[in-house]
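What follows is the content of protein08.cif (mmCIF, C-alpha atoms).
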```
data_run
loop_
_atom_site.label_atom_id
_atom_site.label_comp_id
_atom_site.auth_asym_id
_atom_site.auth_seq_id
_atom_site.Cartn_x
_atom_site.Cartn_y
_atom_site.Cartn_z
CA MET A 1 0.00 0.00 0.00
CA ARG A 2 2.82 2.45 0.85
CA ILE A 3 4.53 1.54 -2.42
CA ALA A 4 1.37 2.16 -4.47
CA LEU A 5 0.78 5.49 -2.72
CA ALA A 6 4.39 6.44 -3.51
CA LEU A 7 4.15 5.32 -7.16
CA LYS A 8 0.99 7.37 -7.58
CA GLY A 9 2.47 10.33 -5.69
CA LEU A 10 -0.37 10.43 -3.17
CA PRO A 11 0.28 12.07 0.21
CA PHE A 12 -0.92 10.19 3.28
CA HIS A 13 -0.83 10.25 7.04
CA TYR A 14 0.55 7.03 8.53
CA MET A 15 -1.03 5.67 11.72
CA PRO A 16 0.81 2.69 13.17
CA VAL A 17 -1.21 -0.21 14.61
CA HIS A 18 1.01 -2.60 16.54
CA LEU A 19 -0.03 -6.19 15.86
CA ALA A 20 2.50 -7.57 18.33
CA ARG A 21 0.75 -5.49 21.01
CA ASN A 22 -2.70 -6.63 19.76
CA GLU A 23 -3.70 -3.02 19.04
CA HIS A 24 -5.82 -4.24 16.10
CA LEU A 25 -8.03 -6.12 18.57
CA THR A 26 -8.79 -3.12 20.76
CA GLU A 27 -12.25 -1.62 20.93
CA SER A 28 -11.03 1.69 19.55
CA PHE A 29 -9.73 0.05 16.37
CA GLY A 30 -12.83 -2.18 16.22
CA ASN A 31 -14.93 0.98 16.23
CA VAL A 32 -13.04 2.23 13.19
CA SER A 33 -13.10 -0.99 11.18
CA ALA A 34 -15.52 -3.93 11.46
CA SER A 35 -12.89 -6.20 9.90
CA ARG A 36 -10.28 -5.39 12.59
CA LEU A 37 -7.66 -6.19 9.96
CA VAL A 38 -4.69 -4.10 8.89
CA PRO A 39 -3.67 -2.45 6.64
CA LEU A 40 -6.66 -0.11 6.53
CA LEU A 41 -7.03 2.85 4.19
CA LYS A 42 -9.20 5.79 5.23
CA ASP A 43 -10.01 8.12 2.34
CA GLY A 44 -12.58 10.70 3.43
CA ASP A 45 -15.51 8.63 4.71
CA ALA A 46 -14.38 5.52 2.86
CA LEU A 47 -12.62 2.74 4.76
CA VAL A 48 -10.96 -0.07 2.82
CA HIS A 49 -9.13 -3.06 4.25
CA GLN A 50 -7.26 -5.96 2.55
CA SER A 51 -4.10 -4.88 0.72
CA LEU A 52 -5.28 -5.87 -2.72
CA ALA A 53 -8.69 -4.22 -2.31
CA ILE A 54 -6.86 -1.05 -1.25
CA LEU A 55 -4.61 -1.22 -4.33
CA GLU A 56 -7.60 -1.75 -6.66
CA TYR A 57 -9.39 1.18 -4.96
CA LEU A 58 -6.37 3.46 -5.41
CA GLU A 59 -6.16 2.31 -9.04
CA GLU A 60 -9.81 3.21 -9.66
CA THR A 61 -9.75 6.53 -7.84
CA HIS A 62 -6.25 7.63 -8.95
CA PRO A 63 -5.61 5.87 -12.26
CA THR A 64 -2.31 7.67 -13.09
CA PRO A 65 0.24 6.16 -13.33
CA PRO A 66 -1.61 2.89 -13.96
CA LEU A 67 -0.66 -0.14 -11.86
CA LEU A 68 -2.66 -2.52 -14.07
CA PRO A 69 -2.12 -3.07 -17.81
CA ALA A 70 -4.75 -1.88 -20.28
CA ASP A 71 -5.74 -5.31 -21.66
CA ALA A 72 -7.98 -7.80 -19.83
CA VAL A 73 -5.54 -10.70 -20.24
CA GLY A 74 -2.62 -8.65 -18.92
CA ARG A 75 -4.75 -7.41 -16.03
CA ALA A 76 -5.69 -10.99 -15.20
CA ARG A 77 -2.01 -12.04 -15.26
CA VAL A 78 -1.02 -9.21 -12.92
CA ARG A 79 -3.90 -9.94 -10.54
CA ALA A 80 -3.06 -13.66 -10.52
CA LEU A 81 0.59 -12.90 -9.70
CA ALA A 82 -0.49 -10.50 -6.96
CA LEU A 83 -2.85 -13.15 -5.56
CA ASP A 84 -0.09 -15.78 -5.71
CA ILE A 85 1.62 -13.65 -3.08
CA ALA A 86 -1.49 -12.36 -1.24
CA CYS A 87 -3.13 -15.81 -1.05
CA GLU A 88 -0.35 -18.39 -1.20
CA ILE A 89 2.47 -16.81 0.82
CA HIS A 90 1.33 -13.96 3.05
CA PRO A 91 -1.68 -15.61 4.82
CA LEU A 92 0.42 -18.57 5.92
CA ASN A 93 3.11 -16.42 7.47
CA ASN A 94 1.35 -13.58 9.20
CA LEU A 95 1.70 -13.04 12.91
CA ARG A 96 -1.60 -14.56 14.05
CA VAL A 97 -0.90 -17.76 12.11
CA LEU A 98 2.64 -18.07 13.48
CA ARG A 99 1.28 -17.48 16.98
CA TYR A 100 -1.36 -20.16 16.50
CA LEU A 101 1.31 -22.64 15.39
CA THR A 102 3.52 -22.13 18.45
CA GLY A 103 0.53 -21.65 20.78
CA PRO A 104 -2.48 -23.99 20.38
CA MET A 105 -0.71 -26.24 17.85
CA GLY A 106 2.29 -26.63 20.16
CA LEU A 107 5.00 -26.36 17.49
CA SER A 108 8.57 -25.33 18.35
CA GLU A 109 10.20 -22.08 17.21
CA ASP A 110 12.32 -24.15 14.88
CA ALA A 111 9.30 -25.87 13.29
CA LYS A 112 7.62 -22.47 12.93
CA ASN A 113 10.66 -21.11 11.10
CA ARG A 114 10.73 -24.12 8.79
CA TRP A 115 7.02 -23.54 8.07
CA TYR A 116 7.71 -19.87 7.28
CA ARG A 117 10.56 -20.64 4.91
CA HIS A 118 8.68 -23.47 3.22
CA TRP A 119 5.77 -21.29 2.11
CA VAL A 120 7.96 -18.34 1.08
CA GLU A 121 10.29 -20.57 -0.94
CA THR A 122 7.58 -22.61 -2.68
CA GLY A 123 5.38 -19.55 -3.18
CA LEU A 124 8.17 -17.56 -4.81
CA GLU A 125 8.90 -20.59 -7.01
CA THR A 126 5.34 -20.35 -8.36
CA VAL A 127 5.95 -16.68 -9.15
CA GLU A 128 9.36 -17.45 -10.68
CA ARG A 129 7.89 -19.99 -13.13
CA GLN A 130 5.45 -17.38 -14.41
CA LEU A 131 8.08 -14.63 -14.69
CA VAL A 132 10.39 -16.97 -16.61
CA ALA A 133 7.53 -17.91 -18.96
CA GLN A 134 7.06 -14.24 -19.87
CA PRO A 135 10.23 -12.37 -18.83
CA ALA A 136 10.15 -8.58 -18.46
CA ARG A 137 11.82 -5.80 -16.52
CA PHE A 138 9.10 -5.89 -13.86
CA CYS A 139 6.60 -8.64 -12.99
CA HIS A 140 4.61 -7.69 -16.08
CA GLY A 141 5.99 -5.36 -18.74
CA ASP A 142 8.31 -2.39 -18.29
CA THR A 143 6.48 -0.48 -15.57
CA PRO A 144 5.61 -1.60 -12.02
CA THR A 145 2.16 -3.09 -11.35
CA LEU A 146 0.13 -4.31 -8.37
CA ALA A 147 2.15 -7.53 -8.56
CA ASP A 148 5.43 -5.70 -7.88
CA CYS A 149 3.79 -3.77 -5.01
CA LEU A 150 3.05 -7.10 -3.29
CA LEU A 151 6.19 -8.97 -4.34
CA ILE A 152 8.82 -6.58 -3.00
CA PRO A 153 7.71 -6.55 0.68
CA GLN A 154 7.69 -10.35 0.53
CA ILE A 155 11.33 -10.38 -0.61
CA PHE A 156 12.27 -8.25 2.38
CA ASN A 157 10.43 -10.72 4.62
CA ALA A 158 12.22 -13.60 2.92
CA GLN A 159 15.61 -11.98 3.56
CA ARG A 160 14.72 -11.30 7.19
CA PHE A 161 13.80 -14.97 7.77
CA GLU A 162 16.85 -16.17 5.81
CA CYS A 163 14.84 -17.95 3.14
CA ARG A 164 16.51 -19.35 0.02
CA LEU A 165 16.33 -16.93 -2.88
CA ASP A 166 18.93 -18.43 -5.22
CA HIS A 167 16.25 -20.61 -6.85
CA VAL A 168 14.29 -17.55 -8.08
CA PRO A 169 16.74 -15.51 -10.20
CA GLN A 170 14.08 -13.83 -12.33
CA VAL A 171 12.21 -12.73 -9.19
CA MET A 172 15.46 -11.22 -7.90
CA LYS A 173 16.06 -9.39 -11.18
CA VAL A 174 12.62 -7.82 -10.82
CA PHE A 175 13.42 -7.00 -7.18
CA GLU A 176 16.53 -5.11 -8.30
CA ALA A 177 14.65 -3.26 -11.05
CA CYS A 178 12.04 -2.18 -8.48
CA MET A 179 14.59 -1.10 -5.88
CA ALA A 180 16.21 1.17 -8.47
CA LEU A 181 13.01 3.23 -8.34
CA GLU A 182 12.55 5.96 -5.74
CA ALA A 183 9.01 4.80 -4.77
CA PHE A 184 10.32 1.37 -3.73
CA GLU A 185 13.54 2.65 -2.15
CA ALA A 186 11.69 5.24 -0.05
CA THR A 187 9.28 2.61 1.32
CA ARG A 188 11.80 -0.05 2.36
CA PRO A 189 10.62 -1.72 5.59
CA GLU A 190 13.36 -0.04 7.65
CA LYS A 191 12.13 3.35 6.44
CA CYS A 192 8.59 2.66 7.68
CA PRO A 193 7.67 5.35 10.25
CA ASP A 194 7.30 2.76 13.04
CA ALA A 195 10.14 0.48 11.93
CA ASN A 196 11.82 0.67 15.33
CA ALA A 197 8.71 0.45 17.46
CA MET B 1 -15.73 -19.71 -10.58
CA ARG B 2 -18.56 -22.13 -11.48
CA ILE B 3 -21.00 -19.85 -9.63
CA ALA B 4 -19.83 -16.74 -11.53
CA LEU B 5 -20.05 -18.57 -14.86
CA ALA B 6 -23.60 -19.66 -13.94
CA LEU B 7 -24.64 -16.16 -12.80
CA LYS B 8 -23.35 -14.72 -16.08
CA GLY B 9 -24.90 -17.56 -18.09
CA LEU B 10 -21.59 -18.51 -19.70
CA PRO B 11 -21.23 -22.05 -21.08
CA PHE B 12 -18.02 -23.90 -20.21
CA HIS B 13 -16.35 -27.26 -20.48
CA TYR B 14 -15.25 -28.64 -17.11
CA MET B 15 -11.95 -30.51 -16.89
CA PRO B 16 -11.31 -32.10 -13.50
CA VAL B 17 -7.79 -31.98 -12.02
CA HIS B 18 -7.48 -34.25 -9.00
CA LEU B 19 -5.42 -32.60 -6.29
CA ALA B 20 -5.55 -35.66 -4.07
CA ARG B 21 -3.89 -37.58 -6.89
CA ASN B 22 -1.34 -34.75 -7.46
CA GLU B 23 -2.54 -34.29 -11.04
CA HIS B 24 -1.77 -30.54 -10.78
CA LEU B 25 1.92 -31.40 -10.35
CA THR B 26 2.19 -33.50 -13.51
CA GLU B 27 4.22 -32.35 -16.49
CA SER B 28 1.15 -32.24 -18.73
CA PHE B 29 -0.60 -29.75 -16.42
CA GLY B 30 2.67 -27.85 -15.93
CA ASN B 31 2.85 -27.45 -19.69
CA VAL B 32 -0.58 -25.83 -19.67
CA SER B 33 -0.04 -23.49 -16.72
CA ALA B 34 3.23 -22.16 -15.30
CA SER B 35 1.50 -21.58 -11.97
CA ARG B 36 0.44 -25.25 -11.62
CA LEU B 37 -2.44 -23.97 -9.49
CA VAL B 38 -6.14 -24.73 -9.85
CA PRO B 39 -8.70 -23.48 -10.64
CA LEU B 40 -7.54 -22.44 -14.09
CA LEU B 41 -9.68 -20.72 -16.72
CA LYS B 42 -8.85 -21.17 -20.39
CA ASP B 43 -10.63 -18.66 -22.63
CA GLY B 44 -9.32 -18.91 -26.19
CA ASP B 45 -5.56 -18.38 -25.84
CA ALA B 46 -5.91 -16.72 -22.43
CA LEU B 47 -5.10 -18.70 -19.29
CA VAL B 48 -6.04 -17.26 -15.91
CA HIS B 49 -5.42 -18.82 -12.50
CA GLN B 50 -6.34 -17.67 -8.96
CA SER B 51 -10.11 -17.65 -8.29
CA LEU B 52 -10.38 -13.93 -7.73
CA ALA B 53 -8.33 -13.05 -10.83
CA ILE B 54 -10.64 -15.34 -12.82
CA LEU B 55 -13.73 -13.61 -11.39
CA GLU B 56 -12.32 -10.14 -12.19
CA TYR B 57 -11.46 -11.33 -15.72
CA LEU B 58 -15.00 -12.66 -16.26
CA GLU B 59 -16.37 -9.39 -14.89
CA GLU B 60 -14.29 -7.35 -17.36
CA THR B 61 -14.95 -9.55 -20.38
CA HIS B 62 -18.63 -10.33 -19.60
CA PRO B 63 -19.90 -7.40 -17.54
CA THR B 64 -23.59 -8.46 -17.50
CA PRO B 65 -24.98 -9.13 -14.95
CA PRO B 66 -22.40 -7.20 -12.90
CA LEU B 67 -20.77 -8.94 -9.93
CA LEU B 68 -19.24 -5.70 -8.65
CA PRO B 69 -21.17 -2.56 -7.63
CA ALA B 70 -20.89 0.58 -9.76
CA ASP B 71 -19.24 2.83 -7.11
CA ALA B 72 -15.57 2.64 -6.12
CA VAL B 73 -16.32 2.40 -2.38
CA GLY B 74 -18.83 -0.41 -2.90
CA ARG B 75 -16.40 -2.21 -5.21
CA ALA B 76 -13.69 -1.90 -2.57
CA ARG B 77 -16.04 -3.31 0.09
CA VAL B 78 -16.95 -6.30 -2.08
CA ARG B 79 -13.31 -6.98 -2.96
CA ALA B 80 -12.28 -6.73 0.69
CA LEU B 81 -15.01 -9.23 1.69
CA ALA B 82 -13.95 -11.56 -1.12
CA LEU B 83 -10.32 -11.28 0.01
CA ASP B 84 -11.31 -11.93 3.62
CA ILE B 85 -12.32 -15.37 2.37
CA ALA B 86 -9.67 -15.82 -0.35
CA CYS B 87 -6.78 -14.66 1.87
CA GLU B 88 -7.82 -15.33 5.48
CA ILE B 89 -9.71 -18.64 5.27
CA HIS B 90 -9.06 -20.58 2.09
CA PRO B 91 -5.21 -20.50 1.99
CA LEU B 92 -4.97 -21.89 5.51
CA ASN B 93 -7.23 -24.83 4.77
CA ASN B 94 -6.34 -26.05 1.33
CA LEU B 95 -5.09 -29.56 0.77
CA ARG B 96 -1.38 -28.82 0.45
CA VAL B 97 -1.38 -26.89 3.75
CA LEU B 98 -3.30 -29.62 5.58
CA ARG B 99 -0.87 -32.20 4.18
CA TYR B 100 2.11 -30.14 5.32
CA LEU B 101 0.66 -29.94 8.84
CA THR B 102 0.21 -33.68 9.23
CA GLY B 103 3.37 -34.49 7.22
CA PRO B 104 6.51 -32.39 7.88
CA MET B 105 4.96 -30.57 10.88
CA GLY B 106 3.95 -33.88 12.47
CA LEU B 107 0.51 -32.79 13.70
CA SER B 108 -2.25 -35.31 14.41
CA GLU B 109 -5.49 -35.60 12.41
CA ASP B 110 -7.27 -34.16 15.42
CA ALA B 111 -4.95 -31.12 15.60
CA LYS B 112 -5.37 -30.62 11.85
CA ASN B 113 -9.16 -30.59 12.20
CA ARG B 114 -8.95 -28.08 15.05
CA TRP B 115 -6.73 -25.91 12.84
CA TYR B 116 -9.28 -26.14 10.00
CA ARG B 117 -12.22 -25.20 12.19
CA HIS B 118 -10.33 -22.39 13.90
CA TRP B 119 -9.63 -20.48 10.68
CA VAL B 120 -13.08 -21.06 9.21
CA GLU B 121 -14.80 -19.95 12.40
CA THR B 122 -12.66 -16.86 13.05
CA GLY B 123 -12.59 -15.96 9.35
CA LEU B 124 -16.37 -16.10 9.03
CA GLU B 125 -16.61 -13.99 12.19
CA THR B 126 -14.65 -11.25 10.39
CA VAL B 127 -17.13 -11.45 7.50
CA GLU B 128 -20.10 -11.50 9.91
CA ARG B 129 -19.01 -8.26 11.62
CA GLN B 130 -18.92 -6.50 8.26
CA LEU B 131 -22.27 -7.88 7.10
CA VAL B 132 -23.88 -6.83 10.39
CA ALA B 133 -22.41 -3.34 10.03
CA GLN B 134 -24.13 -2.95 6.65
CA PRO B 135 -26.86 -5.62 6.43
CA ALA B 136 -28.34 -6.53 3.04
CA ARG B 137 -29.92 -9.47 1.23
CA PHE B 138 -26.56 -10.57 -0.15
CA CYS B 139 -23.03 -9.74 1.03
CA HIS B 140 -23.40 -6.30 -0.53
CA GLY B 141 -26.75 -4.98 -1.74
CA ASP B 142 -29.60 -6.94 -3.28
CA THR B 143 -27.78 -8.83 -6.02
CA PRO B 144 -24.95 -11.35 -5.69
CA THR B 145 -21.36 -10.15 -6.07
CA LEU B 146 -17.86 -11.65 -6.15
CA ALA B 147 -18.04 -11.84 -2.36
CA ASP B 148 -21.04 -14.21 -2.47
CA CYS B 149 -19.28 -16.32 -5.13
CA LEU B 150 -16.42 -16.95 -2.68
CA LEU B 151 -18.48 -17.10 0.53
CA ILE B 152 -20.91 -19.86 -0.43
CA PRO B 153 -18.35 -22.60 -1.25
CA GLN B 154 -16.70 -21.80 2.10
CA ILE B 155 -19.98 -22.43 3.92
CA PHE B 156 -20.24 -25.85 2.29
CA ASN B 157 -16.66 -26.56 3.43
CA ALA B 158 -17.55 -25.39 6.93
CA GLN B 159 -20.54 -27.74 7.06
CA ARG B 160 -18.46 -30.64 5.78
CA PHE B 161 -15.85 -30.12 8.54
CA GLU B 162 -18.55 -29.57 11.17
CA CYS B 163 -17.50 -26.01 11.98
CA ARG B 164 -19.62 -23.79 14.22
CA LEU B 165 -21.94 -21.56 12.20
CA ASP B 166 -24.35 -20.42 14.91
CA HIS B 167 -22.12 -17.41 15.66
CA VAL B 168 -22.56 -15.98 12.13
CA PRO B 169 -26.35 -15.55 11.65
CA GLN B 170 -26.08 -12.78 9.06
CA VAL B 171 -23.66 -14.90 7.00
CA MET B 172 -26.19 -17.74 7.12
CA LYS B 173 -29.02 -15.43 6.01
CA VAL B 174 -26.93 -14.48 2.99
CA PHE B 175 -26.18 -18.17 2.40
CA GLU B 176 -29.93 -18.91 2.28
CA ALA B 177 -30.60 -15.97 -0.04
CA CYS B 178 -27.90 -17.24 -2.40
CA MET B 179 -29.08 -20.85 -2.32
CA ALA B 180 -32.56 -19.69 -3.37
CA LEU B 181 -30.98 -18.71 -6.71
CA GLU B 182 -30.62 -21.28 -9.51
CA ALA B 183 -26.96 -20.34 -10.22
CA PHE B 184 -25.93 -21.25 -6.66
CA GLU B 185 -28.21 -24.30 -6.37
CA ALA B 186 -26.97 -25.76 -9.68
CA THR B 187 -23.32 -25.42 -8.60
CA ARG B 188 -23.55 -27.03 -5.14
CA PRO B 189 -20.38 -29.05 -4.47
CA GLU B 190 -22.23 -32.37 -4.78
CA LYS B 191 -23.40 -31.34 -8.25
CA CYS B 192 -19.82 -30.74 -9.41
CA PRO B 193 -19.13 -33.07 -12.38
CA ASP B 194 -16.36 -34.90 -10.50
CA ALA B 195 -18.02 -34.81 -7.07
CA ASN B 196 -17.80 -38.58 -6.67
CA ALA B 197 -14.34 -39.05 -8.11
#
```
Please lay out the structure from this file as structure tokens.
Amino acid sequence: MRIALALKGLPFHYMPVHLARNEHLTESFGNVSASRLVPLLKDGDALVHQSLAILEYLEETHPTPPLLPADAVGRARVRALALDIACEIHPLNNLRVLRYLTGPMGLSEDAKNRWYRHWVETGLETVERQLVAQPARFCHGDTPTLADCLLIPQIFNAQRFECRLDHVPQVMKVFEACMALEAFEATRPEKCPDANA
Amino acid sequence: MRIALALKGLPFHYMPVHLARNEHLTESFGNVSASRLVPLLKDGDALVHQSLAILEYLEETHPTPPLLPADAVGRARVRALALDIACEIHPLNNLRVLRYLTGPMGLSEDAKNRWYRHWVETGLETVERQLVAQPARFCHGDTPTLADCLLIPQIFNAQRFECRLDHVPQVMKVFEACMALEAFEATRPEKCPDANA
């Protein structure tokens, strides 16, 4: 979401919600959003949650520069790539899932870390196969799309958890192409306003 | 996907791919789709995977009847609800994840079933809160949308795994409203062409 806002040059006010402190479960956040999920975009009276719904909303309300190709087949390919990350990697590795594994499921820290790496590594392999089948500077074509906005944060996560990345060279080429752009560089995780919280 | 095709009155040829038999991992399927994920839509030369990308593609190429509202805020709400199911419930409970839990993670069948029910029950609770906040005949408004197309199959899964559903009365009202429509009734899981395979 921060990447898309940066690519579209949209100013925003960042309000941190600390998942590790369960701030998303508090009544005050529940009063703001019935979903109690983050990230959450507030645009005037509109509230949108779910990263990909936020990106589609930004695309519809601020279409320039476009983050989806003009043709239906290209749009479908970009959305599928974005969903490969949003549905096949991210949900398995978010904080509440990791907590449930080491809590009620009784797994060790080590097993949890193996779980994390497994889904990142196999998920990125799925992305890699598609990028190799239709190679380009970015995930799709020569400008960034929704797929790049979701892929790059996942690469930072992968590096943090010491996942293998040598099996996805085309993904890493795209990562480098993205990081050469100011919008991606300025929104690196460590530059997030609450990175040290 | 079958529900959306039925709602839009689009004819299709159904080709079963048996996950339990690992048919999606075979070379012949890999040659068709680089993602190796199902469902997969083939429309002329176009190949689209990821349920939600398929639904968006059908919506763009066959806009009548619409499965997204006309306004950006409504569209965002429908997409967020659809993603609450596609990202917060389904990925945690699909076959490869359940297999990984009882295989490499060494969990028991009983623990696996608790895991399944936990994510269905908490995920549907997230949907319920949003439906209660803005109650309607369907997930959003008085015609079915992408959100209903993803919600209904999840209710059938929930029933099959004996999940609690008494805590989500508004979800169940929407379920009944959907099942009163021919497109939903004709695509019940047990009416799937390979239901008994």
Compute the set of chain B residues within 9 Å of chain A, using all atoms listed in the file, and express it as a ChimeraX atom specification. /B:33-37,46-54,56-57,60-61,72-73,75-81,83-84,86-92,97,100,104-105,107,111-112,114-115,125-133
Just say which residues the PyMOL selection byres ((chain A and resi 166-174) around 10) picks in this file, as a ChimeraX atom specification. /A:121-122,124-132,135-140,144,148,151-152,155,163-165,175-180
Could you state which residues are captured by the PyMOL selection byres ((chain B and resi 66) around 10) in this file, as number ranges by chain? B: 4, 7-8, 58-60, 62-65, 67-70, 143-146
Between atom CA of Gly141 of chain A and atom CA of Leu181 of chain A, what distance in Å does the model show, to one decimal?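 Going from atom CA of Gly141 of chain A over to atom CA of Leu181 of chain A, I get 15.2 Å.
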N, CA, C and O atoms are what I want for segment 49-68 of chain A; can you complete it accordingly and write them as a short mmCIF file (atom, residue, chain, number, x, y, z; two decimals), keeping the file's coordinate frame?
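Output saved as part_24.cif:
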```cif
data_model
loop_
_atom_site.label_atom_id
_atom_site.label_comp_id
_atom_site.auth_asym_id
_atom_site.auth_seq_id
_atom_site.Cartn_x
_atom_site.Cartn_y
_atom_site.Cartn_z
N HIS A 49 -10.17 -2.19 3.72
CA HIS A 49 -9.13 -3.06 4.25
C HIS A 49 -8.77 -4.09 3.17
O HIS A 49 -9.32 -4.05 2.08
N GLN A 50 -7.84 -4.97 3.47
CA GLN A 50 -7.26 -5.96 2.55
C GLN A 50 -6.37 -5.26 1.52
O GLN A 50 -6.86 -4.51 0.67
N SER A 51 -5.08 -5.55 1.58
CA SER A 51 -4.10 -4.88 0.72
C SER A 51 -4.53 -4.77 -0.74
O SER A 51 -4.47 -3.70 -1.35
N LEU A 52 -4.99 -5.88 -1.29
CA LEU A 52 -5.28 -5.87 -2.72
C LEU A 52 -6.54 -5.06 -3.03
O LEU A 52 -6.62 -4.41 -4.09
N ALA A 53 -7.50 -5.05 -2.12
CA ALA A 53 -8.69 -4.22 -2.31
C ALA A 53 -8.31 -2.74 -2.23
O ALA A 53 -8.84 -1.90 -2.97
N ILE A 54 -7.35 -2.42 -1.36
CA ILE A 54 -6.86 -1.05 -1.25
C ILE A 54 -6.17 -0.64 -2.55
O ILE A 54 -6.41 0.44 -3.10
N LEU A 55 -5.33 -1.53 -3.09
CA LEU A 55 -4.61 -1.22 -4.33
C LEU A 55 -5.59 -1.02 -5.49
O LEU A 55 -5.44 -0.10 -6.30
N GLU A 56 -6.60 -1.88 -5.57
CA GLU A 56 -7.60 -1.75 -6.66
C GLU A 56 -8.38 -0.43 -6.49
O GLU A 56 -8.71 0.24 -7.47
N TYR A 57 -8.67 -0.08 -5.23
CA TYR A 57 -9.39 1.18 -4.96
C TYR A 57 -8.55 2.38 -5.38
O TYR A 57 -9.04 3.30 -6.04
N LEU A 58 -7.27 2.36 -5.02
CA LEU A 58 -6.37 3.46 -5.41
C LEU A 58 -6.27 3.53 -6.94
O LEU A 58 -6.25 4.62 -7.52
N GLU A 59 -6.25 2.37 -7.58
CA GLU A 59 -6.16 2.31 -9.04
C GLU A 59 -7.40 2.93 -9.69
O GLU A 59 -7.31 3.65 -10.68
N GLU A 60 -8.57 2.67 -9.10
CA GLU A 60 -9.81 3.21 -9.66
C GLU A 60 -9.97 4.69 -9.39
O GLU A 60 -10.48 5.43 -10.23
N THR A 61 -9.53 5.13 -8.20
CA THR A 61 -9.75 6.53 -7.84
C THR A 61 -8.60 7.43 -8.29
O THR A 61 -8.79 8.64 -8.43
N HIS A 62 -7.43 6.86 -8.50
CA HIS A 62 -6.25 7.63 -8.95
C HIS A 62 -5.54 6.82 -10.03
O HIS A 62 -4.48 6.23 -9.77
N PRO A 63 -6.10 6.81 -11.23
CA PRO A 63 -5.61 5.87 -12.26
C PRO A 63 -4.22 6.17 -12.84
O PRO A 63 -3.69 5.34 -13.58
N THR A 64 -3.62 7.33 -12.49
CA THR A 64 -2.31 7.67 -13.09
C THR A 64 -1.20 7.74 -12.05
O THR A 64 -1.41 8.38 -11.01
N PRO A 65 -0.06 7.11 -12.26
CA PRO A 65 0.24 6.16 -13.33
C PRO A 65 -0.48 4.84 -13.09
O PRO A 65 -0.68 4.46 -11.93
N PRO A 66 -0.86 4.13 -14.14
CA PRO A 66 -1.61 2.89 -13.96
C PRO A 66 -0.75 1.78 -13.35
O PRO A 66 0.42 1.65 -13.69
N LEU A 67 -1.35 1.00 -12.46
CA LEU A 67 -0.66 -0.14 -11.86
C LEU A 67 -1.25 -1.46 -12.37
O LEU A 67 -0.96 -2.53 -11.84
N LEU A 68 -2.12 -1.34 -13.37
CA LEU A 68 -2.66 -2.52 -14.07
C LEU A 68 -2.52 -2.25 -15.56
O LEU A 68 -2.70 -1.10 -15.99
#
```
